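Below: one structure, written as structure tokens.
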Amino acid sequence: MKKFLLSIFLVLPHLFFAQTDSASKAADSFFLEDQIYIGINYNLLGDKPSGIFQRNFSYGLHGGVIRDIPLNTNGRVALGIGLGYAVNSYYSNLIVTEVNGTNTYEIAPDNFDYNRSKLQTHSIEIPLEFRWRNATRNRYKFFRVYSGIKFDYNFSNRSKLVTDSGNTNFSNSDIEKFQYGLTLNVGYNTFNLHLYYALSDFMNKDVQLSNGENLGLRPLRIGLIFYLL
């Protein structure tokens with residue numbers, strides 16, 4: 001695993017920043033777009049067991065760089081491969097407690113007084129995109145449709161419970177470290193709609209509620225994404 005991640009960090013910077021003589025000669029025919037991205041999104045949890053609902057504001061932030069690879073001379077069709085960072089939080093009535101290294105999951109009873117219960121991930125993300133836009137070298141406002149898949153490596157997974165009497169906060173190994181899903185970014189000029197639908201499970205497959213019901217969760221993220229350069 002460490003070798004895999006190391007390879008990503010060694011190879012991708014060359015894809016982003018290395019310039020060759022052939023690339024310089026092709027600059028007159030090809031142009032690059034949207035190589036830096038910043039996004040904000042609202043996080044939904046799909047495939048929830050009955051009785052679980054979201055509360056508070058479940059948010060996500062992500063940003064990074066993408067190597068734009070034009071597929072034709074007018075630059076309207078391209079591929080993109082990127083490297084970025086994301087933080088995503090999910091607030092719900094799912095209460096997670098840890099005793100002697102074992103996590104227990106239960107739906108908060110009606111008489112349980114608490115302020116927030118959160119699952120949070122910090123991730124390295126690798127987006128792969130097929131890109132279409134009606135841009136030209138001198139047109140800075142254009143429509144874009146970018147679809148693809150995004151891979152996430154969650155290097156920090158945590159559960160947090162906030163009550164009036166205190167907080168509990170611990171690393172949660174039940175959250176899957178590797179996740180992936182489909183992405184769609186559509187818009188015009190500055191404002192673009194960002195959609196992400198997870199194809200992988202958010203939790204390990206053997207995680208269950210205290211009543212024995214499987215805890216199947218699939219994130220759906222809806223937000224805005226902004227491109228620079």
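Chain lettering (A, B, ...) mirrors the order of the structure tokens, residue numbering begins at 1 for each chain separately, and ligand numbering begins at 1 in order of display.
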- Residues within 9 Å of Arg116 (chain A), only C-alpha atoms, excluding chain neighbours under 4 positions, as a list of chain:residue names: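 Near neighbours after the sequence-gap exclusion: A:Arg55, A:Asn56, A:Tyr91, A:Ser92, A:Asn93, A:Lys160, A:Leu161, A:Val162, A:Thr163.
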Can I get the selection written as a PDB file, in the first residue's frame, with C-alpha atoms?
ATOM      1  CA  ARG A  55     -29.301  16.173  10.974  1.00  0.00           C
ATOM      2  CA  ASN A  56     -27.226  19.350  11.125  1.00  0.00           C
ATOM      3  CA  TYR A  91     -24.095  14.259  10.632  1.00  0.00           C
ATOM      4  CA  SER A  92     -26.898  11.924  11.625  1.00  0.00           C
ATOM      5  CA  ASN A  93     -28.678  10.236  14.525  1.00  0.00           C
ATOM      6  CA  LYS A 160     -17.330  12.268  17.052  1.00  0.00           C
ATOM      7  CA  LEU A 161     -20.191  12.667  19.501  1.00  0.00           C
ATOM      8  CA  VAL A 162     -20.929  16.036  21.105  1.00  0.00           C
ATOM      9  CA  THR A 163     -23.174  16.268  24.190  1.00  0.00           C
TER      10      THR A 163
END
- Please provide as a PyMOL selection string all residues within 7 Å of Ile175 (chain A), with the sequence filter that same-chain residues fewer than 4 positions apart are discarded (counting only C-alpha atoms). chain A and resi 157+202-204
For those residues, write N, CA and C atoms to a file as a JSON list (two decimals), in the first residue's frame.
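Written file, again21.json:
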[["chain", "number", "residue", "atom", "x", "y", "z"],
["A", 157, "ASN", "N", -10.05, 8.65, 9.33],
["A", 157, "ASN", "CA", -11.47, 8.41, 9.51],
["A", 157, "ASN", "C", -11.81, 8.54, 11.00],
["A", 202, "PHE", "N", -19.47, 2.77, 2.15],
["A", 202, "PHE", "CA", -18.80, 3.70, 3.04],
["A", 202, "PHE", "C", -18.22, 2.98, 4.26],
["A", 203, "MET", "N", -18.93, 1.99, 4.76],
["A", 203, "MET", "CA", -18.48, 1.22, 5.92],
["A", 203, "MET", "C", -18.03, -0.17, 5.47],
["A", 204, "ASN", "N", -17.19, -0.82, 6.29],
["A", 204, "ASN", "CA", -16.83, -2.20, 6.04],
["A", 204, "ASN", "C", -18.09, -3.07, 6.01]]
- Query: Which residues, written as a ChimeraX atom specification, have at least one atom at most 9 Å from Asn192 (chain A), with only C-alpha atoms counted and residues fewer than 3 positions away on the same chain left out?
  - Reply: /A:144,185-189,223-227
Using backbone DSSP assignments, extract all strand (DSSP E or B) residues from region 49-201 of chain A; output them as a tab-separated table (two decimals) with N, CA and C atoms, in the first residue's frame.
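part10.tsv written:
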chain	number	residue	atom	x	y	z
A	54	GLN	N	-30.47	12.11	8.66
A	54	GLN	CA	-29.40	13.10	8.79
A	54	GLN	C	-29.91	14.33	9.51
A	59	TYR	N	-21.34	18.55	5.33
A	59	TYR	CA	-20.65	19.32	4.31
A	59	TYR	C	-19.41	18.59	3.80
A	60	GLY	N	-18.91	19.06	2.68
A	60	GLY	CA	-17.66	18.54	2.13
A	60	GLY	C	-16.92	19.64	1.40
A	61	LEU	N	-15.60	19.60	1.47
A	61	LEU	CA	-14.73	20.53	0.76
A	61	LEU	C	-13.67	19.72	0.02
A	62	HIS	N	-13.36	20.11	-1.21
A	62	HIS	CA	-12.32	19.40	-1.95
A	62	HIS	C	-11.64	20.35	-2.92
A	63	GLY	N	-10.38	20.05	-3.23
A	63	GLY	CA	-9.63	20.87	-4.15
A	63	GLY	C	-8.37	20.15	-4.60
A	64	GLY	N	-7.82	20.59	-5.72
A	64	GLY	CA	-6.62	19.94	-6.22
A	64	GLY	C	-6.24	20.44	-7.60
A	65	VAL	N	-5.41	19.68	-8.27
A	65	VAL	CA	-4.95	20.01	-9.61
A	65	VAL	C	-5.29	18.85	-10.56
A	66	ILE	N	-5.51	19.20	-11.82
A	66	ILE	CA	-5.83	18.21	-12.85
A	66	ILE	C	-4.94	18.46	-14.07
A	67	ARG	N	-4.35	17.41	-14.58
A	67	ARG	CA	-3.58	17.50	-15.83
A	67	ARG	C	-4.56	17.36	-16.98
A	68	ASP	N	-4.74	18.44	-17.73
A	68	ASP	CA	-5.64	18.46	-18.87
A	68	ASP	C	-4.91	17.93	-20.09
A	69	ILE	N	-5.50	16.90	-20.74
A	69	ILE	CA	-4.86	16.24	-21.87
A	69	ILE	C	-5.79	16.34	-23.08
A	70	PRO	N	-5.63	17.36	-23.95
A	70	PRO	CA	-6.52	17.52	-25.11
A	70	PRO	C	-6.44	16.32	-26.05
A	77	VAL	N	-12.32	18.53	-26.61
A	77	VAL	CA	-12.43	17.20	-26.02
A	77	VAL	C	-11.09	16.86	-25.37
A	78	ALA	N	-11.16	16.40	-24.13
A	78	ALA	CA	-9.92	16.15	-23.40
A	78	ALA	C	-10.14	15.10	-22.33
A	79	LEU	N	-9.03	14.60	-21.82
A	79	LEU	CA	-9.03	13.77	-20.64
A	79	LEU	C	-8.42	14.56	-19.49
A	80	GLY	N	-8.78	14.19	-18.28
A	80	GLY	CA	-8.20	14.84	-17.11
A	80	GLY	C	-7.85	13.81	-16.06
A	81	ILE	N	-6.67	13.93	-15.47
A	81	ILE	CA	-6.28	13.09	-14.34
A	81	ILE	C	-5.74	14.02	-13.26
A	82	GLY	N	-6.22	13.83	-12.04
A	82	GLY	CA	-5.92	14.81	-11.01
A	82	GLY	C	-5.45	14.21	-9.70
A	83	LEU	N	-5.07	15.10	-8.81
A	83	LEU	CA	-4.65	14.75	-7.47
A	83	LEU	C	-5.13	15.85	-6.54
A	84	GLY	N	-5.86	15.47	-5.50
A	84	GLY	CA	-6.42	16.48	-4.62
A	84	GLY	C	-6.61	16.00	-3.21
A	85	TYR	N	-7.22	16.88	-2.42
A	85	TYR	CA	-7.51	16.61	-1.01
A	85	TYR	C	-8.99	16.91	-0.77
A	86	ALA	N	-9.62	16.12	0.11
A	86	ALA	CA	-11.03	16.33	0.43
A	86	ALA	C	-11.28	16.03	1.90
A	87	VAL	N	-12.21	16.77	2.48
A	87	VAL	CA	-12.71	16.48	3.81
A	87	VAL	C	-14.23	16.41	3.71
A	88	ASN	N	-14.82	15.36	4.25
A	88	ASN	CA	-16.27	15.17	4.19
A	88	ASN	C	-16.80	14.77	5.57
A	89	SER	N	-17.90	15.42	5.95
A	89	SER	CA	-18.53	15.14	7.24
A	89	SER	C	-19.97	14.72	7.02
A	90	TYR	N	-20.44	13.79	7.85
A	90	TYR	CA	-21.80	13.26	7.76
A	90	TYR	C	-22.41	13.28	9.16
A	91	TYR	N	-23.41	14.13	9.35
A	91	TYR	CA	-24.10	14.26	10.63
A	91	TYR	C	-25.41	13.49	10.58
A	92	SER	N	-25.67	12.72	11.61
A	92	SER	CA	-26.90	11.92	11.63
A	92	SER	C	-27.25	11.57	13.07
A	94	LEU	N	-27.00	8.53	14.06
A	94	LEU	CA	-26.25	7.30	14.29
A	94	LEU	C	-25.21	7.56	15.39
A	95	ILE	N	-25.32	6.85	16.49
A	95	ILE	CA	-24.43	7.03	17.63
A	95	ILE	C	-23.38	5.92	17.60
A	96	VAL	N	-22.10	6.34	17.59
A	96	VAL	CA	-20.99	5.39	17.54
A	96	VAL	C	-20.21	5.52	18.85
A	97	THR	N	-20.02	4.41	19.52
A	97	THR	CA	-19.23	4.38	20.75
A	97	THR	C	-18.13	3.34	20.63
A	98	GLU	N	-17.04	3.56	21.34
A	98	GLU	CA	-15.89	2.67	21.30
A	98	GLU	C	-15.59	2.18	22.71
A	99	VAL	N	-15.50	0.86	22.86
A	99	VAL	CA	-15.14	0.25	24.14
A	99	VAL	C	-14.10	-0.82	23.88
A	102	THR	N	-13.51	-1.83	20.26
A	102	THR	CA	-14.67	-2.32	19.51
A	102	THR	C	-15.71	-1.22	19.39
A	103	ASN	N	-16.17	-0.99	18.16
A	103	ASN	CA	-17.16	0.06	17.92
A	103	ASN	C	-18.57	-0.51	17.94
A	104	THR	N	-19.48	0.24	18.54
A	104	THR	CA	-20.89	-0.13	18.59
A	104	THR	C	-21.70	0.96	17.91
A	105	TYR	N	-22.67	0.55	17.08
A	105	TYR	CA	-23.50	1.47	16.32
A	105	TYR	C	-24.96	1.28	16.69
A	106	GLU	N	-25.61	2.38	17.04
A	106	GLU	CA	-27.03	2.31	17.37
A	106	GLU	C	-27.71	3.62	16.99
A	107	ILE	N	-29.00	3.53	16.74
A	107	ILE	CA	-29.81	4.71	16.45
A	107	ILE	C	-30.13	5.41	17.75
A	116	ARG	N	-24.47	16.77	18.44
A	116	ARG	CA	-24.05	16.34	17.10
A	116	ARG	C	-23.42	14.96	17.18
A	117	SER	N	-23.67	14.17	16.14
A	117	SER	CA	-22.98	12.90	15.96
A	117	SER	C	-22.45	12.88	14.53
A	118	LYS	N	-21.14	12.69	14.39
A	118	LYS	CA	-20.51	12.90	13.09
A	118	LYS	C	-19.57	11.77	12.72
A	119	LEU	N	-19.59	11.41	11.42
A	119	LEU	CA	-18.55	10.61	10.79
A	119	LEU	C	-17.80	11.54	9.85
A	120	GLN	N	-16.45	11.49	9.89
A	120	GLN	CA	-15.67	12.41	9.08
A	120	GLN	C	-14.49	11.69	8.44
A	121	THR	N	-14.22	12.04	7.18
A	121	THR	CA	-13.07	11.48	6.46
A	121	THR	C	-12.20	12.60	5.91
A	122	HIS	N	-10.89	12.38	5.94
A	122	HIS	CA	-9.92	13.22	5.23
A	122	HIS	C	-9.28	12.32	4.17
A	123	SER	N	-9.27	12.79	2.92
A	123	SER	CA	-8.94	11.89	1.82
A	123	SER	C	-7.97	12.51	0.84
A	124	ILE	N	-7.18	11.64	0.22
A	124	ILE	CA	-6.47	11.95	-1.02
A	124	ILE	C	-7.35	11.44	-2.15
A	125	GLU	N	-7.65	12.31	-3.11
A	125	GLU	CA	-8.56	11.90	-4.18
A	125	GLU	C	-7.86	11.99	-5.54
A	126	ILE	N	-8.23	11.04	-6.40
A	126	ILE	CA	-7.69	10.99	-7.76
A	126	ILE	C	-8.87	10.98	-8.73
A	127	PRO	N	-9.21	12.13	-9.31
A	127	PRO	CA	-10.29	12.16	-10.30
A	127	PRO	C	-9.78	11.83	-11.70
A	128	LEU	N	-10.56	11.05	-12.43
A	128	LEU	CA	-10.31	10.76	-13.84
A	128	LEU	C	-11.54	11.22	-14.61
A	129	GLU	N	-11.35	12.07	-15.62
A	129	GLU	CA	-12.48	12.69	-16.29
A	129	GLU	C	-12.37	12.60	-17.81
A	130	PHE	N	-13.52	12.45	-18.45
A	130	PHE	CA	-13.65	12.69	-19.89
A	130	PHE	C	-14.30	14.05	-20.02
A	131	ARG	N	-13.65	14.98	-20.74
A	131	ARG	CA	-14.04	16.38	-20.72
A	131	ARG	C	-14.51	16.87	-22.09
A	132	TRP	N	-15.66	17.57	-22.07
A	132	TRP	CA	-16.11	18.28	-23.28
A	132	TRP	C	-16.43	19.72	-22.88
A	133	ARG	N	-16.03	20.68	-23.71
A	133	ARG	CA	-16.37	22.09	-23.49
A	133	ARG	C	-16.38	22.79	-24.84
A	136	THR	N	-12.69	28.04	-26.79
A	136	THR	CA	-11.66	28.33	-27.78
A	136	THR	C	-10.51	29.01	-27.05
A	139	ARG	N	-11.82	32.30	-25.82
A	139	ARG	CA	-13.12	32.35	-25.15
A	139	ARG	C	-12.96	31.86	-23.72
A	143	PHE	N	-19.44	26.56	-21.88
A	143	PHE	CA	-20.12	25.43	-21.25
A	143	PHE	C	-19.15	24.26	-21.13
A	144	ARG	N	-19.32	23.49	-20.07
A	144	ARG	CA	-18.50	22.30	-19.88
A	144	ARG	C	-19.35	21.15	-19.35
A	145	VAL	N	-19.00	19.94	-19.78
A	145	VAL	CA	-19.58	18.70	-19.24
A	145	VAL	C	-18.41	17.75	-19.00
A	146	TYR	N	-18.10	17.49	-17.75
A	146	TYR	CA	-17.00	16.61	-17.38
A	146	TYR	C	-17.57	15.44	-16.59
A	147	SER	N	-17.39	14.25	-17.10
A	147	SER	CA	-17.87	13.06	-16.40
A	147	SER	C	-16.70	12.11	-16.17
A	148	GLY	N	-16.82	11.27	-15.15
A	148	GLY	CA	-15.74	10.34	-14.89
A	148	GLY	C	-15.91	9.56	-13.61
A	149	ILE	N	-14.80	9.20	-13.01
A	149	ILE	CA	-14.78	8.41	-11.79
A	149	ILE	C	-13.72	9.00	-10.87
A	150	LYS	N	-13.97	8.91	-9.57
A	150	LYS	CA	-13.02	9.44	-8.60
A	150	LYS	C	-12.69	8.38	-7.57
A	151	PHE	N	-11.39	8.23	-7.29
A	151	PHE	CA	-10.91	7.29	-6.29
A	151	PHE	C	-10.45	8.07	-5.06
A	152	ASP	N	-10.86	7.58	-3.89
A	152	ASP	CA	-10.49	8.23	-2.64
A	152	ASP	C	-9.72	7.27	-1.75
A	153	TYR	N	-8.64	7.77	-1.17
A	153	TYR	CA	-7.94	7.06	-0.10
A	153	TYR	C	-8.14	7.86	1.18
A	154	ASN	N	-8.92	7.31	2.11
A	154	ASN	CA	-9.23	7.98	3.36
A	154	ASN	C	-8.10	7.71	4.36
A	155	PHE	N	-7.23	8.69	4.53
A	155	PHE	CA	-6.09	8.49	5.43
A	155	PHE	C	-6.44	8.83	6.88
A	156	SER	N	-7.61	9.45	7.10
A	156	SER	CA	-8.06	9.74	8.46
A	156	SER	C	-9.57	9.59	8.52
A	157	ASN	N	-10.05	8.65	9.33
A	157	ASN	CA	-11.47	8.41	9.51
A	157	ASN	C	-11.81	8.54	11.00
A	158	ARG	N	-12.81	9.38	11.32
A	158	ARG	CA	-13.09	9.62	12.72
A	158	ARG	C	-14.60	9.63	12.99
A	159	SER	N	-14.94	9.29	14.23
A	159	SER	CA	-16.29	9.44	14.75
A	159	SER	C	-16.25	10.43	15.90
A	160	LYS	N	-17.28	11.27	15.99
A	160	LYS	CA	-17.33	12.27	17.05
A	160	LYS	C	-18.75	12.43	17.55
A	161	LEU	N	-18.90	12.46	18.86
A	161	LEU	CA	-20.19	12.67	19.50
A	161	LEU	C	-20.06	13.85	20.45
A	162	VAL	N	-20.95	14.83	20.28
A	162	VAL	CA	-20.93	16.04	21.11
A	162	VAL	C	-22.20	16.08	21.94
A	163	THR	N	-22.05	16.13	23.26
A	163	THR	CA	-23.17	16.27	24.19
A	163	THR	C	-22.88	17.43	25.14
A	166	GLY	N	-19.93	16.60	27.46
A	166	GLY	CA	-18.59	16.41	26.93
A	166	GLY	C	-18.59	15.84	25.52
A	167	ASN	N	-17.39	15.63	24.99
A	167	ASN	CA	-17.22	15.12	23.63
A	167	ASN	C	-16.44	13.81	23.65
A	168	THR	N	-16.75	12.93	22.70
A	168	THR	CA	-15.93	11.75	22.44
A	168	THR	C	-15.51	11.79	20.98
A	169	ASN	N	-14.25	11.52	20.73
A	169	ASN	CA	-13.69	11.66	19.39
A	169	ASN	C	-12.62	10.59	19.24
A	170	PHE	N	-12.78	9.70	18.26
A	170	PHE	CA	-11.82	8.62	18.09
A	170	PHE	C	-11.70	8.21	16.63
A	171	SER	N	-10.56	7.59	16.30
A	171	SER	CA	-10.33	7.07	14.96
A	171	SER	C	-11.20	5.85	14.72
A	175	ILE	N	-14.62	2.52	8.84
A	175	ILE	CA	-14.87	3.25	7.59
A	175	ILE	C	-13.86	2.78	6.55
A	178	PHE	N	-10.45	2.76	1.12
A	178	PHE	CA	-10.51	2.98	-0.32
A	178	PHE	C	-11.96	3.04	-0.76
A	179	GLN	N	-12.33	4.13	-1.43
A	179	GLN	CA	-13.69	4.31	-1.93
A	179	GLN	C	-13.61	4.90	-3.33
A	180	TYR	N	-14.67	4.71	-4.10
A	180	TYR	CA	-14.71	5.25	-5.45
A	180	TYR	C	-16.15	5.48	-5.86
A	181	GLY	N	-16.33	6.38	-6.84
A	181	GLY	CA	-17.67	6.67	-7.31
A	181	GLY	C	-17.66	7.46	-8.61
A	182	LEU	N	-18.85	7.63	-9.18
A	182	LEU	CA	-19.03	8.35	-10.44
A	182	LEU	C	-19.15	9.84	-10.17
A	183	THR	N	-18.60	10.66	-11.07
A	183	THR	CA	-18.69	12.11	-10.94
A	183	THR	C	-19.26	12.73	-12.21
A	184	LEU	N	-19.93	13.87	-12.03
A	184	LEU	CA	-20.43	14.65	-13.16
A	184	LEU	C	-20.35	16.12	-12.76
A	185	ASN	N	-19.63	16.91	-13.57
A	185	ASN	CA	-19.49	18.34	-13.36
A	185	ASN	C	-20.02	19.05	-14.61
A	186	VAL	N	-21.06	19.85	-14.42
A	186	VAL	CA	-21.75	20.50	-15.54
A	186	VAL	C	-21.97	21.96	-15.20
A	187	GLY	N	-21.67	22.85	-16.15
A	187	GLY	CA	-21.95	24.25	-15.88
A	187	GLY	C	-21.45	25.18	-16.96
A	188	TYR	N	-21.51	26.47	-16.63
A	188	TYR	CA	-21.10	27.52	-17.55
A	188	TYR	C	-20.27	28.53	-16.79
A	191	PHE	N	-19.73	29.05	-12.32
A	191	PHE	CA	-20.52	28.16	-11.48
A	191	PHE	C	-20.82	26.86	-12.19
A	192	ASN	N	-20.49	25.75	-11.53
A	192	ASN	CA	-20.68	24.43	-12.11
A	192	ASN	C	-21.24	23.48	-11.06
A	193	LEU	N	-22.22	22.70	-11.47
A	193	LEU	CA	-22.81	21.71	-10.57
A	193	LEU	C	-21.90	20.50	-10.47
A	194	HIS	N	-21.69	20.04	-9.23
A	194	HIS	CA	-20.85	18.86	-8.98
A	194	HIS	C	-21.70	17.76	-8.36
A	195	LEU	N	-21.65	16.57	-8.96
A	195	LEU	CA	-22.36	15.40	-8.44
A	195	LEU	C	-21.38	14.26	-8.26
A	196	TYR	N	-21.53	13.55	-7.14
A	196	TYR	CA	-20.72	12.35	-6.88
A	196	TYR	C	-21.65	11.29	-6.31
A	197	TYR	N	-21.60	10.10	-6.92
A	197	TYR	CA	-22.38	8.97	-6.41
A	197	TYR	C	-21.44	7.80	-6.15
A	198	ALA	N	-21.39	7.36	-4.90
A	198	ALA	CA	-20.47	6.30	-4.52
A	198	ALA	C	-20.89	4.96	-5.10
- Query: When you draw a straight line from CA of Leu45 (chain A) to CA of Asn100 (chain A), how long is it in Å?
  - Reply: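 Taking CA of Leu45 (chain A) and CA of Asn100 (chain A), their separation equals 27.9 Å.
For the atom pair formed by CA of Pro109 (chain A) and CA of Asn172 (chain A), the distance is 22.0 Å, given to one decimal.
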- Looking at only C-alpha atoms, which of A:Leu220, A:Asp34, A:Glu176, A:Asn111 is the one that sits closest to Phe142 (chain A)? A:Asp34
- Task: Could you tell me how far CA of Pro49 (chain A) lies from CA of Gly216 (chain A), in Å and to one decimal?
- Result: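 Value for the CA of Pro49 (chain A)-CA of Gly216 (chain A) distance: 7.0 Å.
The residue that comes closest to Tyr37 (chain A), out of A:Asp201, A:Ile52, A:Asn214, A:Thr190 and on the basis of only C-alpha atoms, is A:Thr190.
Distance check against Arg76 (chain A) using only C-alpha atoms: of A:Ala135, A:Leu229, A:Leu215, A:Val207, the minimum falls on A:Ala135.
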